[in-house]
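Written out below as C-alpha coordinates is the structure these notes cover.
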Protein chains: 2
Amino acid sequence: MTSAGTEPASGRRDRKKRRTRAALTEAALRLVAERGLAQVTVEEISEAADVSPRTFFNYFACKDDALVGDQAGHSARLVARLATVPPEVPVLAALRTALDEVVDEVRAERELWCLRMDVVMRNPALLPRLLAGNAETERAIVEVVAARVGVDPDHGYPALVTAVTGAALRHAMTRWAADPGRPDLADLVDEAFAALAAGLPQPDRP
Amino acid sequence: MTSAGTEPASGRRDRKKRRTRAALTEAALRLVAERGLAQVTVEEISEAADVSPRTFFNYFACKDDALVGDQAGHSARLVARLATVPPEVPVLAALRTALDEVVDEVRAERELWCLRMDVVMRNPALLPRLLAGNAETERAIVEVVAARVGVDPDHGYPALVTAVTGAALRHAMTRWAADPGRPDLADLVDEAFAALAAGLPQPDRP
DNA sequence: TAAAACATTGCAGGGCCTGCAAGATCGCTA
DNA sequence: TAGCGATCTTGCAGGCCCTGCAATGTTTTA
(Lines give C-alpha, C1' and ligand atoms only; values in the text may rest on other atoms or scores of the structure.)
Protein backbone atom coordinates (compact mmCIF):
# COMPACT_ATOMS: atom_id res chain seq x y z
CA MET A 1 0.00 0.00 0.00
CA THR A 2 1.62 3.08 1.29
CA SER A 3 4.80 1.17 1.88
CA ALA A 4 7.76 3.30 0.92
CA GLY A 5 10.20 0.44 0.92
CA THR A 6 12.40 0.71 3.97
CA GLU A 7 9.73 2.02 6.35
CA PRO A 8 8.98 -0.25 9.29
CA ALA A 9 5.54 1.32 9.56
CA SER A 10 2.91 -1.03 10.83
CA GLY A 11 -0.36 0.39 11.96
CA ARG A 12 -2.43 3.49 12.00
CA ARG A 13 -0.71 4.72 15.14
CA ASP A 14 2.71 4.95 13.51
CA ARG A 15 1.25 6.61 10.48
CA LYS A 16 -0.41 9.25 12.62
CA LYS A 17 2.79 9.90 14.51
CA ARG A 18 4.74 10.30 11.32
CA ARG A 19 2.12 12.65 9.96
CA THR A 20 2.07 14.72 13.12
CA ARG A 21 5.85 14.99 13.21
CA ALA A 22 5.98 15.99 9.56
CA ALA A 23 3.22 18.53 10.06
CA LEU A 24 5.07 20.10 12.97
CA THR A 25 8.33 20.26 11.05
CA GLU A 26 6.69 21.69 7.99
CA ALA A 27 4.72 24.27 9.95
CA ALA A 28 7.80 25.28 11.92
CA LEU A 29 9.93 25.73 8.82
CA ARG A 30 7.26 27.64 6.93
CA LEU A 31 6.45 30.01 9.77
CA VAL A 32 10.09 30.66 10.66
CA ALA A 33 10.98 31.23 7.02
CA GLU A 34 8.24 33.83 6.86
CA ARG A 35 8.78 35.66 10.14
CA GLY A 36 12.10 34.69 11.66
CA LEU A 37 12.92 32.38 14.54
CA ALA A 38 12.18 34.78 17.37
CA GLN A 39 8.84 35.81 15.90
CA VAL A 40 7.36 32.32 15.96
CA THR A 41 6.20 30.65 19.15
CA VAL A 42 5.76 26.98 19.88
CA GLU A 43 2.10 27.73 20.43
CA GLU A 44 1.76 29.02 16.87
CA ILE A 45 3.60 26.05 15.42
CA SER A 46 1.38 23.65 17.34
CA GLU A 47 -1.68 25.59 16.26
CA ALA A 48 -0.67 25.29 12.62
CA ALA A 49 -0.12 21.56 13.02
CA ASP A 50 -3.37 21.22 14.95
CA VAL A 51 -1.97 19.74 18.14
CA SER A 52 -1.56 21.14 21.62
CA PRO A 53 1.63 22.93 22.62
CA ARG A 54 2.30 20.18 25.11
CA THR A 55 2.26 17.62 22.31
CA PHE A 56 4.89 19.59 20.45
CA PHE A 57 7.31 18.78 23.24
CA ASN A 58 6.44 15.12 23.06
CA TYR A 59 7.92 15.14 19.58
CA PHE A 60 10.79 17.59 19.94
CA ALA A 61 12.97 18.40 22.92
CA CYS A 62 13.14 22.06 21.97
CA LYS A 63 11.86 24.47 19.37
CA ASP A 64 15.00 24.20 17.26
CA ASP A 65 14.70 20.45 16.90
CA ALA A 66 11.56 20.86 14.85
CA LEU A 67 13.61 22.84 12.36
CA VAL A 68 16.89 20.97 12.03
CA GLY A 69 15.39 17.52 11.72
CA ASP A 70 16.79 14.19 12.73
CA GLN A 71 20.53 14.14 13.23
CA ALA A 72 20.91 10.76 14.83
CA GLY A 73 19.24 9.01 11.91
CA HIS A 74 21.63 10.41 9.34
CA SER A 75 24.60 9.69 11.52
CA ALA A 76 23.57 6.11 12.20
CA ARG A 77 23.05 5.41 8.50
CA LEU A 78 26.36 7.02 7.67
CA VAL A 79 28.18 4.83 10.16
CA ALA A 80 26.44 1.72 8.90
CA ARG A 81 27.18 2.59 5.31
CA LEU A 82 30.81 3.29 6.11
CA ALA A 83 31.23 -0.23 7.40
CA THR A 84 30.34 -1.61 3.99
CA VAL A 85 33.11 0.23 2.14
CA PRO A 86 36.12 -2.03 1.55
CA PRO A 87 38.88 -1.29 4.04
CA GLU A 88 41.49 -0.62 1.37
CA VAL A 89 39.61 2.50 0.25
CA PRO A 90 41.23 5.60 1.78
CA VAL A 91 39.28 7.28 4.55
CA LEU A 92 38.32 10.42 2.69
CA ALA A 93 37.05 8.47 -0.28
CA ALA A 94 35.21 6.08 2.01
CA LEU A 95 33.51 8.93 3.83
CA ARG A 96 32.57 10.51 0.53
CA THR A 97 31.05 7.25 -0.62
CA ALA A 98 29.16 6.76 2.60
CA LEU A 99 27.78 10.24 2.26
CA ASP A 100 26.03 9.28 -0.97
CA GLU A 101 23.21 7.94 1.11
CA VAL A 102 22.80 11.20 2.97
CA VAL A 103 23.04 13.16 -0.24
CA ASP A 104 20.28 11.05 -1.75
CA GLU A 105 18.05 11.55 1.23
CA VAL A 106 18.55 15.27 1.06
CA ARG A 107 17.79 15.37 -2.64
CA ALA A 108 14.71 13.24 -2.14
CA GLU A 109 13.27 15.95 0.07
CA ARG A 110 14.67 18.81 -1.86
CA GLU A 111 11.89 21.31 -1.18
CA LEU A 112 11.99 20.65 2.54
CA TRP A 113 15.76 20.88 2.64
CA CYS A 114 15.88 24.13 0.71
CA LEU A 115 13.43 25.63 3.14
CA ARG A 116 15.48 24.23 5.99
CA MET A 117 18.78 25.58 4.71
CA ASP A 118 17.14 28.92 4.11
CA VAL A 119 15.99 29.00 7.70
CA VAL A 120 19.35 27.81 8.97
CA MET A 121 21.25 30.46 7.06
CA ARG A 122 18.95 33.20 8.30
CA ASN A 123 19.38 31.88 11.83
CA PRO A 124 23.04 30.94 12.03
CA ALA A 125 22.72 29.58 15.53
CA LEU A 126 21.13 26.51 13.96
CA LEU A 127 23.89 25.72 11.49
CA PRO A 128 26.13 23.72 13.82
CA ARG A 129 23.22 21.44 14.60
CA LEU A 130 23.04 20.17 11.04
CA LEU A 131 24.72 17.02 9.86
CA ALA A 132 27.22 15.84 12.42
CA GLY A 133 27.68 19.25 13.94
CA ASN A 134 27.17 18.15 17.51
CA ALA A 135 29.66 16.18 19.53
CA GLU A 136 27.39 13.23 20.25
CA THR A 137 26.92 12.49 16.59
CA GLU A 138 30.60 13.01 15.88
CA ARG A 139 31.72 10.55 18.50
CA ALA A 140 30.19 7.61 16.67
CA ILE A 141 31.84 8.64 13.44
CA VAL A 142 35.18 9.16 15.14
CA GLU A 143 35.11 5.62 16.42
CA VAL A 144 34.33 4.00 13.13
CA VAL A 145 36.96 6.14 11.39
CA ALA A 146 39.52 5.14 14.00
CA ALA A 147 38.72 1.48 13.45
CA ARG A 148 39.02 1.87 9.71
CA VAL A 149 42.34 3.70 9.87
CA GLY A 150 43.61 1.31 12.50
CA VAL A 151 44.55 3.78 15.20
CA ASP A 152 43.29 4.46 18.67
CA PRO A 153 40.20 6.69 18.88
CA ASP A 154 42.25 8.99 21.12
CA HIS A 155 44.76 9.51 18.36
CA GLY A 156 44.09 12.93 16.94
CA TYR A 157 43.61 11.85 13.35
CA PRO A 158 40.10 10.35 13.43
CA ALA A 159 38.65 13.31 15.27
CA LEU A 160 40.36 15.74 12.93
CA VAL A 161 39.06 13.98 9.84
CA THR A 162 35.57 13.82 11.28
CA ALA A 163 35.47 17.47 12.26
CA VAL A 164 36.94 18.63 8.98
CA THR A 165 34.76 16.53 6.70
CA GLY A 166 31.71 17.55 8.70
CA ALA A 167 32.61 21.16 8.04
CA ALA A 168 33.11 20.39 4.37
CA LEU A 169 29.71 18.74 4.13
CA ARG A 170 27.94 21.64 5.82
CA HIS A 171 29.78 23.96 3.49
CA ALA A 172 28.57 22.05 0.44
CA MET A 173 25.00 21.99 1.70
CA THR A 174 25.07 25.71 2.36
CA ARG A 175 26.32 26.43 -1.14
CA TRP A 176 23.76 24.07 -2.58
CA ALA A 177 20.86 25.82 -0.93
CA ALA A 178 22.18 29.32 -1.50
CA ASP A 179 22.84 29.18 -5.21
CA PRO A 180 19.75 29.85 -7.31
CA GLY A 181 21.43 28.01 -10.17
CA ARG A 182 21.24 24.85 -8.11
CA PRO A 183 24.30 22.83 -9.00
CA ASP A 184 23.95 19.22 -8.01
CA LEU A 185 24.62 18.58 -4.33
CA ALA A 186 26.75 15.54 -5.10
CA ASP A 187 29.01 17.65 -7.29
CA LEU A 188 29.47 20.25 -4.58
CA VAL A 189 30.34 17.57 -2.04
CA ASP A 190 32.77 16.04 -4.52
CA GLU A 191 34.38 19.39 -5.05
CA ALA A 192 34.83 20.02 -1.34
CA PHE A 193 36.25 16.56 -0.70
CA ALA A 194 38.59 16.87 -3.65
CA ALA A 195 39.88 20.15 -2.28
CA LEU A 196 40.43 18.52 1.09
CA ALA A 197 42.28 15.58 -0.37
CA ALA A 198 44.48 17.94 -2.39
CA GLY A 199 45.42 19.98 0.68
CA LEU A 200 43.19 22.96 -0.07
CA PRO A 201 45.26 24.35 -2.96
CA GLN A 202 44.50 27.96 -3.79
CA PRO A 203 42.39 28.39 -6.91
CA ASP A 204 43.76 30.23 -9.91
CA ARG A 205 43.11 33.92 -9.88
CA PRO A 206 40.60 34.89 -12.53
CA MET B 1 49.93 51.02 37.06
CA THR B 2 47.64 48.21 36.19
CA SER B 3 48.06 48.92 32.53
CA ALA B 4 48.39 45.67 30.63
CA GLY B 5 49.66 47.29 27.47
CA THR B 6 46.90 47.23 24.90
CA GLU B 7 44.03 47.92 27.27
CA PRO B 8 42.16 51.15 26.57
CA ALA B 9 41.01 51.26 30.17
CA SER B 10 40.65 54.74 31.52
CA GLY B 11 38.75 55.24 34.74
CA ARG B 12 37.39 53.39 37.65
CA ARG B 13 34.15 52.68 35.82
CA ASP B 14 35.83 50.56 33.17
CA ARG B 15 37.85 48.74 35.75
CA LYS B 16 34.72 47.86 37.68
CA LYS B 17 33.00 46.64 34.56
CA ARG B 18 35.92 44.45 33.66
CA ARG B 19 36.04 43.01 37.14
CA THR B 20 32.32 42.32 37.17
CA ARG B 21 32.46 40.61 33.80
CA ALA B 22 35.40 38.49 34.86
CA ALA B 23 33.69 37.59 38.12
CA LEU B 24 30.57 36.48 36.27
CA THR B 25 32.54 34.39 33.78
CA GLU B 26 34.62 32.81 36.48
CA ALA B 27 31.63 32.04 38.68
CA ALA B 28 29.70 30.61 35.76
CA LEU B 29 32.55 28.34 34.70
CA ARG B 30 33.28 27.14 38.19
CA LEU B 31 29.67 26.39 39.06
CA VAL B 32 28.92 24.68 35.76
CA ALA B 33 32.10 22.62 35.98
CA GLU B 34 30.95 21.43 39.39
CA ARG B 35 27.28 20.74 38.74
CA GLY B 36 26.57 20.77 35.03
CA LEU B 37 24.96 23.37 32.82
CA ALA B 38 21.36 22.57 33.63
CA GLN B 39 21.96 22.52 37.37
CA VAL B 40 23.17 26.11 37.53
CA THR B 41 20.81 29.07 37.27
CA VAL B 42 21.59 32.63 36.31
CA GLU B 43 20.46 33.62 39.76
CA GLU B 44 23.15 31.47 41.34
CA ILE B 45 25.84 32.79 39.03
CA SER B 46 24.84 36.35 39.80
CA GLU B 47 24.77 35.57 43.48
CA ALA B 48 28.31 34.19 43.33
CA ALA B 49 29.49 37.31 41.49
CA ASP B 50 27.56 39.52 43.90
CA VAL B 51 25.38 41.29 41.37
CA SER B 52 21.69 41.11 40.66
CA PRO B 53 20.34 38.64 38.08
CA ARG B 54 19.24 41.57 35.99
CA THR B 55 22.79 42.83 35.84
CA PHE B 56 23.95 39.47 34.51
CA PHE B 57 21.91 40.15 31.39
CA ASN B 58 23.45 43.57 31.02
CA TYR B 59 26.76 41.80 30.47
CA PHE B 60 25.69 38.67 28.59
CA ALA B 61 22.85 38.11 26.18
CA CYS B 62 22.28 34.60 27.45
CA LYS B 63 23.59 32.19 30.03
CA ASP B 64 25.91 30.46 27.57
CA ASP B 65 27.70 33.65 26.68
CA ALA B 66 29.13 33.87 30.16
CA LEU B 67 30.78 30.51 29.53
CA VAL B 68 32.12 30.70 26.00
CA GLY B 69 33.61 34.16 26.27
CA ASP B 70 34.13 36.77 23.66
CA GLN B 71 34.03 35.49 20.12
CA ALA B 72 33.96 38.75 18.27
CA GLY B 73 37.15 39.94 19.90
CA HIS B 74 39.17 36.94 18.79
CA SER B 75 37.72 37.10 15.33
CA ALA B 76 38.44 40.80 14.94
CA ARG B 77 42.04 40.38 16.05
CA LEU B 78 42.45 37.40 13.76
CA VAL B 79 41.21 39.39 10.79
CA ALA B 80 43.43 42.33 11.65
CA ARG B 81 46.45 40.09 12.11
CA LEU B 82 45.76 38.33 8.84
CA ALA B 83 46.01 41.61 7.00
CA THR B 84 49.59 42.01 8.15
CA VAL B 85 50.81 38.72 6.67
CA PRO B 86 52.51 39.27 3.30
CA PRO B 87 50.20 38.37 0.44
CA GLU B 88 52.61 35.87 -1.11
CA VAL B 89 52.23 33.58 1.91
CA PRO B 90 49.76 30.78 1.09
CA VAL B 91 46.39 31.03 2.78
CA LEU B 92 46.76 28.11 5.13
CA ALA B 93 50.13 29.31 6.34
CA ALA B 94 48.82 32.84 6.69
CA LEU B 95 45.88 31.66 8.76
CA ARG B 96 48.17 29.60 10.91
CA THR B 97 50.39 32.61 11.49
CA ALA B 98 47.45 34.85 12.30
CA LEU B 99 46.27 32.28 14.81
CA ASP B 100 49.44 32.73 16.83
CA GLU B 101 47.82 35.69 18.47
CA VAL B 102 44.78 33.67 19.48
CA VAL B 103 46.98 30.85 20.68
CA ASP B 104 48.94 33.24 22.83
CA GLU B 105 45.80 34.69 24.35
CA VAL B 106 44.55 31.25 25.18
CA ARG B 107 47.82 30.24 26.76
CA ALA B 108 47.93 33.45 28.74
CA GLU B 109 44.71 32.46 30.45
CA ARG B 110 45.46 28.82 30.59
CA GLU B 111 43.60 28.00 33.79
CA LEU B 112 40.48 29.75 32.60
CA TRP B 113 40.63 28.08 29.22
CA CYS B 114 41.12 24.63 30.64
CA LEU B 115 38.09 25.12 32.81
CA ARG B 116 36.23 26.47 29.79
CA MET B 117 37.17 23.56 27.54
CA ASP B 118 36.23 21.15 30.28
CA VAL B 119 32.81 22.75 30.51
CA VAL B 120 32.43 22.84 26.75
CA MET B 121 33.29 19.19 26.36
CA ARG B 122 30.87 18.17 29.07
CA ASN B 123 28.21 20.31 27.40
CA PRO B 124 28.73 19.71 23.71
CA ALA B 125 26.04 22.16 22.74
CA LEU B 126 28.54 24.90 23.52
CA LEU B 127 31.37 23.67 21.32
CA PRO B 128 30.23 25.25 18.07
CA ARG B 129 30.15 28.62 19.78
CA LEU B 130 33.88 28.61 20.37
CA LEU B 131 36.37 30.25 18.05
CA ALA B 132 34.75 31.07 14.78
CA GLY B 133 32.06 28.48 15.13
CA ASN B 134 29.16 30.77 14.38
CA ALA B 135 28.31 32.14 11.00
CA GLU B 136 28.60 35.80 11.93
CA THR B 137 32.20 35.43 12.95
CA GLU B 138 32.99 33.30 9.95
CA ARG B 139 31.65 35.84 7.49
CA ALA B 140 34.34 38.36 8.35
CA ILE B 141 37.05 35.75 7.95
CA VAL B 142 35.60 34.55 4.66
CA GLU B 143 35.81 38.03 3.24
CA VAL B 144 39.39 38.64 4.19
CA VAL B 145 40.37 35.20 2.92
CA ALA B 146 38.62 35.91 -0.37
CA ALA B 147 40.47 39.18 -0.72
CA ARG B 148 43.78 37.50 0.01
CA VAL B 149 43.23 34.68 -2.44
CA GLY B 150 41.88 37.08 -5.02
CA VAL B 151 38.53 35.48 -5.70
CA ASP B 152 34.96 36.55 -5.15
CA PRO B 153 33.60 35.91 -1.64
CA ASP B 154 30.84 33.89 -3.28
CA HIS B 155 33.38 31.53 -4.75
CA GLY B 156 33.27 28.39 -2.67
CA TYR B 157 36.94 28.33 -1.74
CA PRO B 158 37.15 31.02 0.95
CA ALA B 159 34.15 29.67 2.82
CA LEU B 160 35.48 26.13 2.62
CA VAL B 161 38.90 27.13 3.94
CA THR B 162 37.31 29.13 6.75
CA ALA B 163 34.98 26.36 7.81
CA VAL B 164 37.65 23.70 7.63
CA THR B 165 40.36 25.62 9.45
CA GLY B 166 37.86 26.60 12.11
CA ALA B 167 37.12 22.93 12.63
CA ALA B 168 40.84 22.19 12.79
CA LEU B 169 41.38 24.87 15.41
CA ARG B 170 38.52 23.65 17.59
CA HIS B 171 39.90 20.15 17.22
CA ALA B 172 43.32 21.26 18.42
CA MET B 173 41.87 23.14 21.36
CA THR B 174 39.81 20.15 22.36
CA ARG B 175 42.83 17.88 22.30
CA TRP B 176 44.87 20.43 24.19
CA ALA B 177 42.40 20.62 27.03
CA ALA B 178 41.65 16.92 27.11
CA ASP B 179 45.15 15.53 27.35
CA PRO B 180 46.55 15.48 30.87
CA GLY B 181 50.05 15.47 29.38
CA ARG B 182 49.34 18.93 28.02
CA PRO B 183 51.27 19.16 24.78
CA ASP B 184 51.74 22.71 23.67
CA LEU B 185 48.71 24.22 22.00
CA ALA B 186 50.80 25.73 19.22
CA ASP B 187 52.17 22.29 18.36
CA LEU B 188 48.71 20.79 18.16
CA VAL B 189 47.53 23.58 15.90
CA ASP B 190 50.61 23.12 13.75
CA GLU B 191 49.93 19.42 13.51
CA ALA B 192 46.33 19.94 12.45
CA PHE B 193 47.24 22.55 9.85
CA ALA B 194 50.04 20.39 8.50
CA ALA B 195 47.61 17.52 8.09
CA LEU B 196 45.21 19.81 6.24
CA ALA B 197 47.90 21.11 3.93
CA ALA B 198 49.01 17.56 3.18
CA GLY B 199 45.49 16.44 2.26
CA LEU B 200 44.79 14.52 5.47
CA PRO B 201 47.06 11.57 4.71
CA GLN B 202 46.34 8.50 6.79
CA PRO B 203 48.82 7.95 9.60
CA ASP B 204 50.95 4.84 9.68
CA ARG B 205 49.41 1.92 11.47
CA PRO B 206 51.20 1.21 14.71
C1' DT C 1 29.34 71.30 43.47
C1' DA C 2 25.86 70.50 39.82
C1' DA C 3 24.72 68.33 35.83
C1' DA C 4 25.36 64.78 32.52
C1' DA C 5 26.44 60.08 31.58
C1' DC C 6 26.25 55.60 32.70
C1' DA C 7 25.60 51.27 35.70
C1' DT C 8 22.73 48.62 38.74
C1' DT C 9 18.52 47.03 40.33
C1' DG C 10 13.53 45.61 40.87
C1' DC C 11 9.43 44.51 38.68
C1' DA C 12 6.28 42.86 35.39
C1' DG C 13 5.64 39.74 31.83
C1' DG C 14 6.13 36.62 27.81
C1' DG C 15 8.07 32.47 26.13
C1' DC C 16 10.47 27.90 26.69
C1' DC C 17 10.41 23.53 28.63
C1' DT C 18 9.22 19.74 32.16
C1' DG C 19 6.71 16.55 35.33
C1' DC C 20 2.47 14.77 36.48
C1' DA C 21 -1.99 12.92 36.04
C1' DA C 22 -6.37 12.44 33.52
C1' DG C 23 -8.54 11.27 29.39
C1' DA C 24 -8.60 9.60 24.45
C1' DT C 25 -7.03 6.36 20.98
C1' DC C 26 -5.12 2.25 19.25
C1' DG C 27 -3.82 -2.77 18.96
C1' DC C 28 -4.41 -7.13 20.58
C1' DT C 29 -6.86 -11.08 22.38
C1' DA C 30 -10.34 -13.87 24.90
C1' DT D 1 -17.04 -7.87 19.85
C1' DA D 2 -15.90 -6.48 24.25
C1' DG D 3 -12.41 -5.39 26.97
C1' DC D 4 -7.71 -4.74 28.51
C1' DG D 5 -3.13 -2.84 28.29
C1' DA D 6 -0.10 0.17 25.84
C1' DT D 7 0.53 4.40 23.90
C1' DC D 8 -0.59 9.20 22.68
C1' DT D 9 -2.63 13.64 23.70
C1' DT D 10 -3.79 17.24 26.59
C1' DG D 11 -4.21 20.56 30.51
C1' DC D 12 -2.13 22.42 34.44
C1' DA D 13 1.26 24.01 37.52
C1' DG D 14 5.66 25.73 37.86
C1' DG D 15 10.58 26.91 37.25
C1' DC D 16 13.81 29.16 34.46
C1' DC D 17 15.39 32.29 30.69
C1' DC D 18 15.39 36.68 28.89
C1' DT D 19 13.56 41.58 27.93
C1' DG D 20 11.70 46.40 28.42
C1' DC D 21 10.90 49.97 31.48
C1' DA D 22 11.51 53.06 35.13
C1' DA D 23 13.78 54.23 39.51
C1' DT D 24 17.99 54.54 41.97
C1' DG D 25 22.84 54.85 42.61
C1' DT D 26 27.65 55.87 41.05
C1' DT D 27 31.23 57.95 38.12
C1' DT D 28 32.75 61.52 35.10
C1' DT D 29 32.83 66.05 33.49
C1' DA D 30 32.01 70.90 33.45
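Chain labels run A, B, ... following the order of the C-alpha coordinates; each chain numbers its residues from 1, and ligands are numbered from 1 in the order shown.
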| At most 9 Å to chain A: residues in chain D, only C-alpha atoms (C1' of nucleotides), as a list in words |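 So the contacting residues turn out to be DT7, DC8, DT9, DT10 and DG11 of chain D.
Non-sequential neighbours of B:Gln202 (distance at most 8 Å, separation of 6 or more positions within a chain, only C-alpha atoms (C1' of nucleotides)) are A:Pro90, A:Val91, A:Val149, A:Tyr157.
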| said: Quick check: residues of chain A within 8 Å of chain B, only C-alpha atoms, returned as a ChimeraX atom specification. | reply: /A:90-91,124-125,127-128,133-136,149-151,156-157,159-161,163-165,167-168,171,175,192,196-200,202-203,205-206
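Each of D:DC12, D:DC18, D:DT26, D:DG5 was checked against B:Phe60 using only C-alpha atoms (C1' of nucleotides); the smallest atom-to-atom distance is that of D:DC18.
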Shell of 10 Å around C:DA5, only C-alpha atoms (C1' of nucleotides), local chain residues under 5 positions omitted, as a PDB file with C-alpha atoms (C1' of nucleotides), in the first residue's frame:
```pdb
ATOM      1  C1'  DT D  27      31.226  57.946  38.119  1.00  0.00           C
ATOM      2  C1'  DT D  28      32.748  61.515  35.100  1.00  0.00           C
ATOM      3  C1'  DT D  29      32.834  66.045  33.487  1.00  0.00           C
TER       4       DT D  29
END
```
Report the closest atom pair, with its distance in Å rounded to one decimal, for each residue of chain C that has an atom no farther than 10 Å from chain B; count only C-alpha atoms (C1' of nucleotides), sort by chain and then rising residue number, and write it as JSON lines.
```
{"residue": "C:DC6", "atom": "C1'", "partner": "B:Arg13", "partner_atom": "CA", "distance": 9.0}
{"residue": "C:DA7", "atom": "C1'", "partner": "B:Arg13", "partner_atom": "CA", "distance": 8.7}
{"residue": "C:DT8", "atom": "C1'", "partner": "B:Thr55", "partner_atom": "CA", "distance": 6.5}
{"residue": "C:DT9", "atom": "C1'", "partner": "B:Ser52", "partner_atom": "CA", "distance": 6.7}
{"residue": "C:DG10", "atom": "C1'", "partner": "B:Arg54", "partner_atom": "CA", "distance": 8.5}
```
| task | Considering only C-alpha atoms (C1' of nucleotides), return as an NGL selection string whatever protein or nucleic-acid residues lie within 10 Å of stretch 18-20 of chain A, sequence-local ones (same chain, fewer than 2 positions apart) excluded. | result | :A and (9 or 12-16 or 22-26 or 46 or 49-51 or 55-56 or 59)
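Taking atom CA of B:Arg116 and atom CA of B:Lys63 as the two end points, the separation is 13.9 Å.
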| task | Write out as a ChimeraX atom specification each polymer residue whose atoms come within 12 Å of C:DC28, counting only C-alpha atoms (C1' of nucleotides); drop sequence neighbours fewer than 4 positions from it. | result | /D:3-6
